[in-house]
>>> print(open('model.txt').read())   # compact mmCIF, C-alpha atoms
# COMPACT_ATOMS: atom_id res chain seq x y z
CA MET A 631 59.29 -40.97 -53.23
CA HIS A 632 60.14 -37.64 -51.62
CA ILE A 633 61.75 -37.36 -48.17
CA GLY A 634 61.81 -34.03 -46.35
CA GLY A 635 64.90 -34.58 -44.25
CA ARG A 636 66.42 -33.23 -41.05
CA PRO A 637 70.15 -33.40 -41.84
CA LYS A 638 72.64 -33.18 -39.02
CA SER A 639 75.23 -30.55 -39.90
CA PRO A 640 78.84 -31.51 -39.16
CA THR A 641 79.80 -27.81 -39.19
CA PRO A 642 79.69 -25.86 -35.89
CA CYS A 643 77.23 -22.98 -36.07
CA ALA A 644 77.06 -19.74 -34.10
CA PRO A 645 74.99 -19.88 -30.88
CA ARG A 646 71.40 -18.69 -31.32
CA SER A 647 69.37 -16.59 -28.90
CA LYS A 648 65.96 -17.66 -30.24
CA GLU A 649 64.33 -20.86 -31.40
CA PRO A 650 65.11 -23.06 -33.12
CA ARG A 651 68.24 -23.66 -31.08
CA ILE A 652 69.99 -26.31 -28.98
CA LEU A 653 69.47 -26.20 -25.21
CA ARG A 654 69.87 -28.49 -22.23
CA ASN A 655 66.63 -29.63 -20.63
CA GLN A 656 66.06 -30.09 -16.89
CA ASP A 657 67.67 -33.53 -17.08
CA GLY A 658 70.82 -32.10 -18.62
CA VAL A 659 70.09 -33.63 -22.04
CA GLU A 660 70.78 -31.52 -25.13
CA VAL A 661 67.59 -30.98 -27.12
CA LEU A 662 66.70 -29.24 -30.35
CA LYS A 663 64.05 -26.72 -29.34
CA SER A 664 61.78 -25.27 -32.03
CA PRO A 665 58.41 -23.45 -31.92
CA ARG A 666 56.46 -25.92 -34.05
CA MET A 667 58.21 -29.20 -33.28
CA GLY A 668 58.73 -28.96 -29.49
CA GLY A 669 61.98 -30.22 -28.01
CA ALA A 670 63.65 -33.39 -29.29
CA PRO A 671 66.84 -34.94 -27.89
CA LEU A 672 69.71 -34.43 -30.30
CA THR A 673 70.05 -38.19 -30.62
CA GLU A 674 66.53 -38.28 -32.12
CA ALA A 675 66.25 -34.86 -33.76
CA PHE A 676 67.93 -35.71 -37.03
CA ASP A 677 67.31 -38.30 -39.70
CA ASN A 678 69.07 -41.63 -40.09
CA VAL A 679 69.81 -42.82 -43.61
CA ASP A 680 69.55 -46.49 -42.68
CA PHE A 681 66.01 -45.92 -41.37
CA HIS A 682 64.90 -44.45 -44.69
CA LEU A 683 66.63 -47.13 -46.75
CA ALA A 684 64.86 -49.84 -44.73
CA ARG A 685 61.50 -48.11 -45.23
CA MET A 686 62.14 -47.74 -48.94
CA ASP A 687 62.95 -51.45 -49.21
CA ARG A 688 59.77 -52.39 -47.32
CA GLN A 689 57.64 -50.26 -49.63
CA GLY A 690 59.41 -51.27 -52.84
CA VAL A 691 60.81 -47.77 -53.50
CA GLU A 692 63.95 -47.80 -55.60
CA THR A 693 64.91 -44.10 -55.45
CA SER A 694 63.94 -41.25 -53.11
CA VAL A 695 64.53 -37.53 -53.54
CA LEU A 696 65.85 -35.72 -50.48
CA SER A 697 65.21 -32.12 -49.47
CA LEU A 698 65.35 -30.00 -46.35
CA LEU A 699 62.33 -30.54 -44.08
CA GLY A 700 60.01 -27.52 -43.97
CA SER A 701 60.59 -26.90 -40.26
CA PHE A 702 64.32 -26.54 -41.00
CA CYS A 703 63.92 -24.19 -43.97
CA TRP A 704 64.28 -21.17 -41.70
CA ILE A 705 68.01 -21.32 -42.47
CA GLU A 706 67.21 -20.10 -46.00
CA ALA A 707 65.71 -16.88 -44.60
CA LEU A 708 68.69 -15.90 -42.45
CA PRO A 709 70.96 -13.00 -43.47
CA LEU A 710 73.17 -13.99 -46.38
CA ASP A 711 76.36 -14.30 -44.31
CA GLU A 712 74.60 -16.96 -42.21
CA SER A 713 72.33 -18.67 -44.73
CA GLU A 714 74.89 -19.11 -47.51
CA PRO A 715 77.37 -21.29 -45.55
CA LEU A 716 74.52 -23.27 -43.97
CA CYS A 717 72.92 -23.99 -47.35
CA ARG A 718 76.29 -25.02 -48.78
CA THR A 719 76.79 -27.40 -45.86
CA ILE A 720 73.33 -28.89 -46.32
CA ASN A 721 73.81 -29.33 -50.08
CA ASP A 722 77.25 -30.87 -49.70
CA GLY A 723 75.83 -33.28 -47.12
CA LEU A 724 72.87 -34.29 -49.29
CA SER A 725 75.20 -34.85 -52.24
CA ALA A 726 77.47 -37.02 -50.08
CA ILE A 727 74.49 -39.25 -49.25
CA CYS A 728 73.60 -39.55 -52.94
CA GLU A 729 77.20 -40.45 -53.76
CA LYS A 730 77.44 -43.01 -50.97
CA TYR A 731 74.24 -44.78 -52.05
CA PRO A 732 74.26 -44.54 -55.87
CA GLY A 733 70.85 -44.97 -57.44
CA ARG A 734 68.99 -44.83 -54.13
CA PHE A 735 68.87 -41.07 -53.59
CA ALA A 736 68.74 -37.78 -55.48
CA ALA A 737 68.38 -34.38 -53.82
CA TYR A 738 66.97 -30.86 -54.07
CA ALA A 739 69.24 -28.03 -52.97
CA ALA A 740 68.57 -25.52 -50.19
CA LEU A 741 69.15 -21.90 -51.24
CA PRO A 742 69.94 -18.60 -49.44
CA LEU A 743 66.73 -16.83 -50.42
CA THR A 744 67.42 -13.43 -48.89
CA ASP A 745 69.59 -12.74 -51.96
CA ILE A 746 68.22 -14.24 -55.18
CA SER A 747 71.49 -13.66 -57.07
CA ALA A 748 73.33 -15.62 -54.39
CA ALA A 749 70.59 -18.27 -54.49
CA ALA A 750 71.05 -18.64 -58.25
CA ALA A 751 74.81 -18.95 -57.79
CA GLU A 752 74.36 -21.65 -55.13
CA LEU A 753 71.94 -23.52 -57.41
CA GLU A 754 74.57 -23.46 -60.18
CA ARG A 755 77.19 -24.78 -57.74
CA ALA A 756 74.90 -27.45 -56.28
CA LEU A 757 73.87 -28.80 -59.68
CA ALA A 758 77.51 -29.72 -60.32
CA LEU A 759 77.50 -31.99 -57.26
CA PRO A 760 76.68 -35.72 -57.49
CA GLY A 761 72.99 -36.50 -57.09
CA MET A 762 71.68 -32.91 -57.08
CA ILE A 763 68.80 -32.53 -59.53
CA GLY A 764 67.38 -29.10 -58.65
CA ALA A 765 66.17 -27.02 -55.72
CA GLN A 766 63.22 -26.72 -53.36
CA MET A 767 61.37 -23.38 -53.49
CA PRO A 768 58.79 -21.82 -51.11
CA GLY A 769 55.31 -21.77 -52.60
CA ASN A 770 54.68 -18.16 -51.55
CA TYR A 771 56.99 -17.05 -54.36
CA PHE A 772 54.39 -18.33 -56.84
CA LEU A 773 51.08 -17.25 -55.31
CA THR A 774 50.68 -14.64 -58.09
CA ARG A 775 52.38 -13.81 -61.36
CA LYS A 776 53.84 -10.67 -59.78
CA ASP A 777 55.34 -12.70 -56.93
CA ALA A 778 56.87 -15.17 -59.38
CA GLU A 779 58.80 -12.49 -61.28
CA ALA A 780 61.44 -12.51 -58.54
CA MET A 781 62.17 -16.17 -59.35
CA ARG A 782 63.30 -15.64 -62.94
CA PRO A 783 67.03 -16.03 -62.13
CA LEU A 784 66.33 -19.45 -60.60
CA LEU A 785 64.00 -20.43 -63.43
CA GLU A 786 66.71 -19.45 -65.92
CA ALA A 787 69.31 -21.57 -64.11
CA ALA A 788 66.97 -24.55 -63.93
CA ASN A 789 66.11 -24.19 -67.61
CA ARG A 790 69.77 -23.98 -68.61
CA HIS A 791 70.64 -27.17 -66.71
CA ARG A 792 67.36 -28.99 -67.43
CA ALA A 793 66.95 -29.13 -63.66
CA ALA A 794 63.89 -29.44 -61.41
CA LEU A 795 62.34 -26.85 -59.13
CA PHE A 796 60.23 -28.45 -56.42
CA ILE A 797 57.70 -25.89 -55.20
CA HIS A 798 56.63 -26.66 -51.64
CA HIS A 799 54.19 -24.79 -49.43
CA GLY A 800 56.21 -22.31 -47.40
CA PRO A 801 57.02 -18.63 -46.77
CA ARG A 802 59.36 -16.22 -48.46
CA PRO A 803 61.87 -14.51 -46.16
CA GLY A 804 59.88 -11.97 -44.16
CA ASP A 805 56.45 -13.52 -44.72
CA ALA A 806 54.21 -13.99 -41.68
CA PHE A 807 53.99 -17.75 -41.38
CA PRO A 808 52.02 -19.77 -40.55
CA LYS A 809 48.96 -17.68 -41.33
CA VAL A 810 46.95 -19.09 -38.44
CA THR A 811 48.58 -18.61 -35.03
CA SER A 812 48.61 -21.26 -32.33
CA GLU A 813 46.00 -19.38 -30.28
CA VAL A 814 43.33 -20.06 -32.91
CA ASP A 815 41.24 -23.20 -32.58
CA ASN A 816 42.29 -26.12 -34.80
CA ALA A 817 45.37 -24.20 -35.90
CA ARG A 818 47.14 -27.28 -37.26
CA ARG A 819 44.10 -28.34 -39.27
CA ARG A 820 43.69 -24.82 -40.66
CA ASN A 821 47.38 -24.43 -41.52
CA GLY A 822 48.38 -27.94 -42.51
CA THR A 823 45.33 -28.64 -44.67
CA LEU A 824 43.07 -25.67 -45.43
CA ASP A 825 45.68 -22.96 -45.96
CA MET A 826 48.27 -25.27 -47.47
CA GLN A 827 45.95 -26.73 -50.09
CA ALA A 828 44.41 -23.36 -50.97
CA SER A 829 47.88 -21.83 -51.35
CA LEU A 830 49.03 -24.66 -53.59
CA SER A 831 45.95 -24.14 -55.77
CA SER A 832 46.98 -20.50 -56.21
CA VAL A 833 50.50 -21.65 -57.08
CA MET A 834 49.08 -23.89 -59.80
CA VAL A 835 46.98 -21.06 -61.23
CA THR A 836 50.13 -18.93 -61.51
CA LEU A 837 52.15 -21.71 -63.12
CA CYS A 838 49.48 -23.01 -65.49
CA LEU A 839 47.19 -20.07 -66.29
CA THR A 840 49.86 -17.40 -66.85
CA GLU A 841 52.85 -17.34 -69.20
CA ILE A 842 55.47 -17.23 -66.43
CA LEU A 843 56.97 -20.58 -67.54
CA ALA A 844 56.87 -19.89 -71.28
CA ASP A 845 60.56 -18.90 -71.44
CA TYR A 846 61.71 -21.98 -69.54
CA PRO A 847 60.61 -25.06 -71.50
CA ASP A 848 63.50 -27.21 -70.24
CA ALA A 849 62.95 -26.58 -66.53
CA MET A 850 60.96 -29.27 -64.73
CA ILE A 851 58.43 -27.79 -62.31
CA GLN A 852 56.97 -29.95 -59.56
CA VAL A 853 54.27 -29.10 -57.00
CA HIS A 854 53.38 -31.35 -54.09
CA ASN A 855 50.02 -32.57 -52.74
CA LEU A 856 48.38 -32.92 -56.16
CA GLY A 857 48.72 -29.18 -56.76
CA GLY A 858 46.39 -28.28 -53.90
CA ASN A 859 42.64 -28.62 -54.38
CA LEU A 860 42.62 -28.23 -58.15
CA PRO A 861 41.44 -31.78 -58.92
CA TYR A 862 38.26 -30.88 -57.02
CA GLU A 863 37.98 -27.22 -58.07
CA VAL A 864 38.66 -27.21 -61.79
CA GLU A 865 35.03 -28.00 -62.65
CA ARG A 866 33.96 -24.97 -60.64
CA MET A 867 36.53 -22.86 -62.51
CA ASP A 868 35.15 -24.07 -65.84
CA HIS A 869 31.58 -23.45 -64.68
CA ARG A 870 32.35 -19.84 -63.76
CA CYS A 871 34.28 -19.40 -66.99
CA LEU A 872 31.27 -20.52 -69.05
CA LEU A 873 29.03 -18.11 -67.14
CA ASP A 874 31.34 -15.10 -66.78
CA THR A 875 33.72 -15.23 -69.77
CA PRO A 876 32.19 -17.67 -72.29
CA ASN A 877 34.62 -16.70 -75.05
CA GLU A 878 37.65 -17.56 -72.95
CA GLU A 879 39.35 -20.95 -73.17
CA LEU A 880 38.32 -23.22 -70.32
CA PRO A 881 40.81 -23.41 -67.42
CA SER A 882 40.73 -27.22 -67.59
CA SER A 883 42.02 -27.08 -71.16
CA ARG A 884 44.88 -24.85 -70.14
CA PHE A 885 45.72 -27.03 -67.15
CA ARG A 886 45.96 -30.07 -69.43
CA ARG A 887 48.63 -28.43 -71.55
CA ALA A 888 50.72 -27.26 -68.60
CA LYS A 889 54.00 -29.08 -68.02
CA VAL A 890 53.81 -29.11 -64.25
CA VAL A 891 54.19 -32.33 -62.26
CA CYS A 892 51.83 -32.69 -59.28
CA ARG A 893 53.18 -35.22 -56.80
CA LEU A 894 50.96 -37.41 -54.63
CA GLN A 895 52.09 -36.75 -51.07
CA LEU A 896 50.76 -39.81 -49.25
CA LEU A 897 51.78 -43.40 -49.65
CA TRP A 898 49.56 -45.87 -47.87
CA PRO A 899 49.61 -49.66 -47.42
CA ALA A 900 47.07 -51.94 -49.03
CA ARG A 901 45.76 -52.98 -45.61
CA ASP A 902 46.33 -51.90 -42.04
CA ARG A 903 47.45 -54.29 -39.30
CA GLY A 904 43.87 -55.39 -38.71
CA GLY A 905 43.44 -56.31 -42.36
CA ARG A 906 41.23 -53.28 -43.08
CA GLU A 907 41.65 -51.04 -46.06
CA PRO A 908 42.74 -47.51 -45.02
CA LEU A 909 40.08 -44.87 -45.57
CA ARG A 910 42.28 -42.77 -47.88
CA ARG A 911 42.99 -45.75 -50.12
CA ARG A 912 39.33 -46.78 -50.14
CA ALA A 913 38.18 -43.27 -51.12
CA HIS A 914 40.83 -43.15 -53.85
CA ARG A 915 39.72 -46.55 -55.19
CA LEU A 916 36.03 -45.62 -55.13
CA ARG A 917 36.66 -42.40 -57.08
CA HIS A 918 38.39 -44.40 -59.81
CA ARG A 919 35.61 -47.02 -59.78
CA ARG A 920 32.98 -44.29 -60.17
CA HIS A 921 34.81 -42.91 -63.20
CA ARG A 922 35.07 -46.39 -64.76
CA VAL A 923 31.31 -46.80 -64.33
CA ARG A 924 30.77 -43.45 -66.06
CA LEU A 925 32.94 -44.64 -68.95
CA ARG A 926 30.86 -47.80 -69.36
CA LEU A 927 27.51 -45.99 -69.18
CA ASP A 928 28.41 -42.98 -71.28
CA PRO A 929 31.87 -43.20 -72.85
CA GLU A 930 31.45 -40.02 -74.89
CA GLY A 931 29.98 -37.99 -72.05
CA ALA A 932 32.44 -39.25 -69.45
CA CYS A 933 35.55 -38.69 -71.50
CA GLY A 934 34.78 -38.12 -75.16
CA SER A 935 37.43 -38.32 -77.84
CA ALA A 936 36.70 -34.80 -79.05
CA ASP A 937 39.29 -32.32 -77.82
CA ARG A 938 40.96 -34.95 -75.61
CA ARG A 939 44.11 -32.84 -75.56
CA GLY A 940 42.30 -29.74 -74.39
CA SER A 941 42.23 -27.37 -77.37
CA ALA A 942 39.75 -24.48 -77.39
CA ARG A 943 36.18 -25.38 -78.35
CA ALA A 944 33.51 -23.44 -80.13
CA ASP A 945 30.85 -25.61 -78.49
CA PRO A 946 31.03 -25.14 -74.70
CA ALA A 947 29.22 -28.41 -74.01
CA PRO A 948 31.36 -30.55 -71.69
CA GLN A 949 33.28 -33.33 -73.42
CA CYS A 950 35.76 -34.45 -70.78
CA ARG A 951 35.64 -35.46 -67.17
CA GLY A 952 37.23 -32.22 -65.99
CA ASP A 953 34.91 -29.91 -67.90
CA ALA A 954 32.27 -27.84 -66.16
CA ARG A 955 28.58 -28.61 -66.54
CA PRO A 956 26.40 -25.49 -66.34
CA ARG A 957 24.10 -25.67 -63.35
CA ARG A 958 20.76 -24.04 -62.84
>>> encode(input="model.txt", output="structure tokens")
Amino acid sequence: MHIGGRPKSPTPCAPRSKEPRILRNQDGVEVLKSPRMGGAPLTEAFDNVDFHLARMDRQGVETSVLSLLGSFCWIEALPLDESEPLCRTINDGLSAICEKYPGRFAAYAALPLTDISAAAAELERALALPGMIGAQMPGNYFLTRKDAEAMRPLLEAANRHRAALFIHHGPRPGDAFPKVTSEVDNARRRNGTLDMQASLSSVMVTLCLTEILADYPDAMIQVHNLGGNLPYEVERMDHRCLLDTPNEELPSSRFRRAKVVCRLQLLWPARDRGGREPLRRRAHRLRHRRHRVRLRLDPEGACGSADRRGSARADPAPQCRGDARPRR
């Protein structure tokens, strides 16, 4: 289970003239004011470890991985003299939690991304701390192969330590983000679902359909939200491949060989308080039931044994569930 946390820093920070920053509201209460999250009283603005432990116990989760919540990742884009001490404080704090509750937590480091050499050095330092297993990286660094070249120092460090890089939807320092401004209708739906999932799909294409990871076989690469929309788009990719470049290996075959972990973002209960099955769970169950029916009716057509591991085929006829079927 992954927890994007809002750690409370014990280190005094320089006053800020723009959000996010701490202000007093009209009632004299100190609040954390931020553009996307509104204003929350300081007593409620940061996470409580006991709350997460209780939730983990209720849901039967043994270990959770901690990282900096996306709305707090702006610290990584500050000038190096500001971001470096803040990231060190965050990483030391996350490690202290892991050490205090052995076996219950691990953590991804925050990195000062305005200087990749400094980021690599902080990753090296953080990996020596108890409980630290890797780092969280903004997805915009992996939207294309060219973008990903800047990440080689971090990929090299992760590979050397057999560490994990958790790639999460987010901007590089200087990127305009979010893409859809608040003045646009349904901005949260467009940003938090449409743009996020499309961006993660592009990240997966970079990671799986280029050779950017070839030199780093011991680095673990993880992408959240099932790798974007790829589970629903790979058949379309194969279909276009068969039509446009029939001699090229199918994208689905290349995705199968890729060593990239795609994490399921949502955990849901078996039933809601009224005893009804949540819609997400029901849709998930029905998709699996439909595939089981296909296996019973046509075991070879639904998921044939030929080329189960995804090697290139001379015959383009679809053999596996993820393969494209030419349409008229």
>>> residues_around(input="model.txt", residues="Ser725 (chain A)", least_positions_apart="4", cutoff="9 Å", atoms="all atoms listed in the file", output="list of chain:residue names")
A:Ile720, A:Asn721, A:Glu729, A:Lys730, A:Phe735, A:Ala736, A:Ala737, A:Ala756, A:Leu759, A:Pro760, A:Gly761, A:Met762
>>> atom_distance(input="model.txt", atom1="CA of Leu741 (chain A)", atom2="CA of Leu830 (chain A)")
20.4 Å
>>> closest_residue(input="model.txt", among="A:Leu710, A:Val691, A:Ala765, A:Leu843", to="Gly733 (chain A)", atoms="only C-alpha atoms")
A:Val691
>>> residues_around(input="model.txt", residues="Met767 (chain A)", least_positions_apart="4", cutoff="10 Å", atoms="all atoms listed in the file", output="PyMOL selection string")
chain A and resi 703+738-741+743+771-772+781+784+795-802+852-853
>>> residues_around(input="model.txt", residues="Ala778 (chain A)", least_positions_apart="5", cutoff="10 Å", atoms="all atoms listed in the file", output="list of chain:residue names")
A:Gly769, A:Asn770, A:Tyr771, A:Phe772, A:Leu773, A:Leu785, A:Val833, A:Thr836, A:Leu837, A:Ile842, A:Leu843
>>> atom_distance(input="model.txt", atom1="CA of Ala806 (chain A)", atom2="CA of Leu856 (chain A)")
24.5 Å
>>> closest_residue(input="model.txt", among="A:Arg775, A:Arg866, A:Gly700, A:Met686", to="Pro808 (chain A)", atoms="all atoms listed in the file")
A:Gly700
>>> closest_residue(input="model.txt", among="A:Val835, A:Ser883, A:Gly822, A:Asp874", to="Asn855 (chain A)", atoms="only C-alpha atoms")
A:Gly822
>>> closest_residue(input="model.txt", among="A:Arg755, A:Leu824, A:Glu674, A:Asp657", to="Gly858 (chain A)", atoms="all atoms listed in the file")
A:Leu824
>>> decode(input="model.txt", residues="region 876-887 of chain A", atoms="all heavy atoms", output="CSV table (one decimal), in the first residue's frame")
chain,number,residue,atom,x,y,z
A,876,PRO,N,3.4,-3.5,-40.3
A,876,PRO,CA,3.1,-4.9,-40.1
A,876,PRO,C,4.4,-5.8,-39.8
A,876,PRO,O,4.3,-6.9,-39.2
A,876,PRO,CB,2.5,-5.4,-41.4
A,876,PRO,CG,2.9,-4.4,-42.4
A,876,PRO,CD,3.0,-3.1,-41.7
A,877,ASN,N,5.6,-5.3,-40.2
A,877,ASN,CA,6.8,-6.1,-39.9
A,877,ASN,C,7.4,-5.8,-38.5
A,877,ASN,O,8.4,-6.4,-38.1
A,877,ASN,CB,7.8,-5.8,-41.0
A,877,ASN,CG,7.4,-6.3,-42.3
A,877,ASN,OD1,6.7,-7.3,-42.4
A,877,ASN,ND2,7.7,-5.5,-43.4
A,878,GLU,N,6.8,-4.8,-37.8
A,878,GLU,CA,7.3,-4.5,-36.5
A,878,GLU,C,6.7,-5.3,-35.4
A,878,GLU,O,5.5,-5.7,-35.5
A,878,GLU,CB,6.9,-3.0,-36.3
A,878,GLU,CG,7.4,-2.4,-34.9
A,878,GLU,CD,7.0,-1.0,-34.8
A,878,GLU,OE1,7.4,-0.2,-35.6
A,878,GLU,OE2,6.3,-0.6,-33.8
A,879,GLU,N,7.4,-5.6,-34.4
A,879,GLU,CA,6.9,-6.4,-33.3
A,879,GLU,C,5.8,-5.7,-32.6
A,879,GLU,O,5.8,-4.5,-32.4
A,879,GLU,CB,8.0,-6.7,-32.3
A,879,GLU,CG,7.6,-7.6,-31.1
A,879,GLU,CD,8.7,-7.8,-30.1
A,879,GLU,OE1,9.7,-7.2,-30.2
A,879,GLU,OE2,8.5,-8.7,-29.2
A,880,LEU,N,4.7,-6.4,-32.2
A,880,LEU,CA,3.6,-5.8,-31.6
A,880,LEU,C,3.9,-5.1,-30.3
A,880,LEU,O,4.7,-5.7,-29.5
A,880,LEU,CB,2.5,-6.8,-31.4
A,880,LEU,CG,1.8,-7.4,-32.6
A,880,LEU,CD1,0.8,-8.5,-32.2
A,880,LEU,CD2,1.1,-6.4,-33.5
A,881,PRO,N,3.4,-3.9,-30.1
A,881,PRO,CA,3.6,-3.3,-28.8
A,881,PRO,C,3.3,-4.1,-27.6
A,881,PRO,O,4.0,-4.1,-26.6
A,881,PRO,CB,2.7,-2.0,-28.8
A,881,PRO,CG,2.6,-1.7,-30.3
A,881,PRO,CD,2.6,-3.1,-31.0
A,882,SER,N,2.2,-4.9,-27.7
A,882,SER,CA,1.8,-5.7,-26.5
A,882,SER,C,2.9,-6.7,-26.2
A,882,SER,O,3.1,-7.1,-25.0
A,882,SER,CB,0.5,-6.5,-26.8
A,882,SER,OG,0.6,-7.3,-27.9
A,883,SER,N,3.6,-7.3,-27.2
A,883,SER,CA,4.7,-8.2,-26.9
A,883,SER,C,5.8,-7.5,-26.2
A,883,SER,O,6.4,-8.1,-25.2
A,883,SER,CB,5.2,-8.8,-28.2
A,883,SER,OG,4.2,-9.5,-28.9
A,884,ARG,N,6.1,-6.3,-26.6
A,884,ARG,CA,7.2,-5.6,-25.9
A,884,ARG,C,6.8,-5.1,-24.5
A,884,ARG,O,7.6,-5.1,-23.6
A,884,ARG,CB,7.5,-4.3,-26.8
A,884,ARG,CG,8.0,-4.7,-28.2
A,884,ARG,CD,8.0,-3.6,-29.1
A,884,ARG,NE,9.0,-2.6,-28.8
A,884,ARG,CZ,9.1,-1.4,-29.4
A,884,ARG,NH1,8.3,-1.1,-30.4
A,884,ARG,NH2,10.0,-0.5,-29.1
A,885,PHE,N,5.5,-4.8,-24.3
A,885,PHE,CA,5.1,-4.4,-23.0
A,885,PHE,C,5.2,-5.6,-22.0
A,885,PHE,O,5.5,-5.5,-20.8
A,885,PHE,CB,3.6,-4.0,-23.0
A,885,PHE,CG,3.5,-2.5,-23.4
A,885,PHE,CD1,2.7,-2.1,-24.5
A,885,PHE,CD2,4.0,-1.5,-22.6
A,885,PHE,CE1,2.6,-0.8,-24.9
A,885,PHE,CE2,3.9,-0.2,-23.0
A,885,PHE,CZ,3.2,0.2,-24.1
A,886,ARG,N,4.9,-6.8,-22.5
A,886,ARG,CA,5.0,-8.0,-21.7
A,886,ARG,C,6.4,-8.3,-21.1
A,886,ARG,O,6.5,-8.8,-20.0
A,886,ARG,CB,4.5,-9.3,-22.4
A,886,ARG,CG,3.0,-9.3,-22.7
A,886,ARG,CD,2.6,-10.7,-23.3
A,886,ARG,NE,1.3,-10.6,-23.9
A,886,ARG,CZ,1.0,-10.5,-25.2
A,886,ARG,NH1,2.0,-10.5,-26.0
A,886,ARG,NH2,-0.2,-10.5,-25.6
A,887,ARG,N,7.4,-7.9,-21.9
A,887,ARG,CA,8.7,-8.2,-21.5
A,887,ARG,C,9.3,-7.1,-20.6
A,887,ARG,O,10.3,-7.3,-19.9
A,887,ARG,CB,9.7,-8.3,-22.7
A,887,ARG,CG,9.5,-9.5,-23.6
A,887,ARG,CD,10.7,-9.7,-24.5
A,887,ARG,NE,11.0,-8.6,-25.3
A,887,ARG,CZ,10.4,-8.3,-26.5
A,887,ARG,NH1,9.5,-9.1,-27.0
A,887,ARG,NH2,10.8,-7.2,-27.2
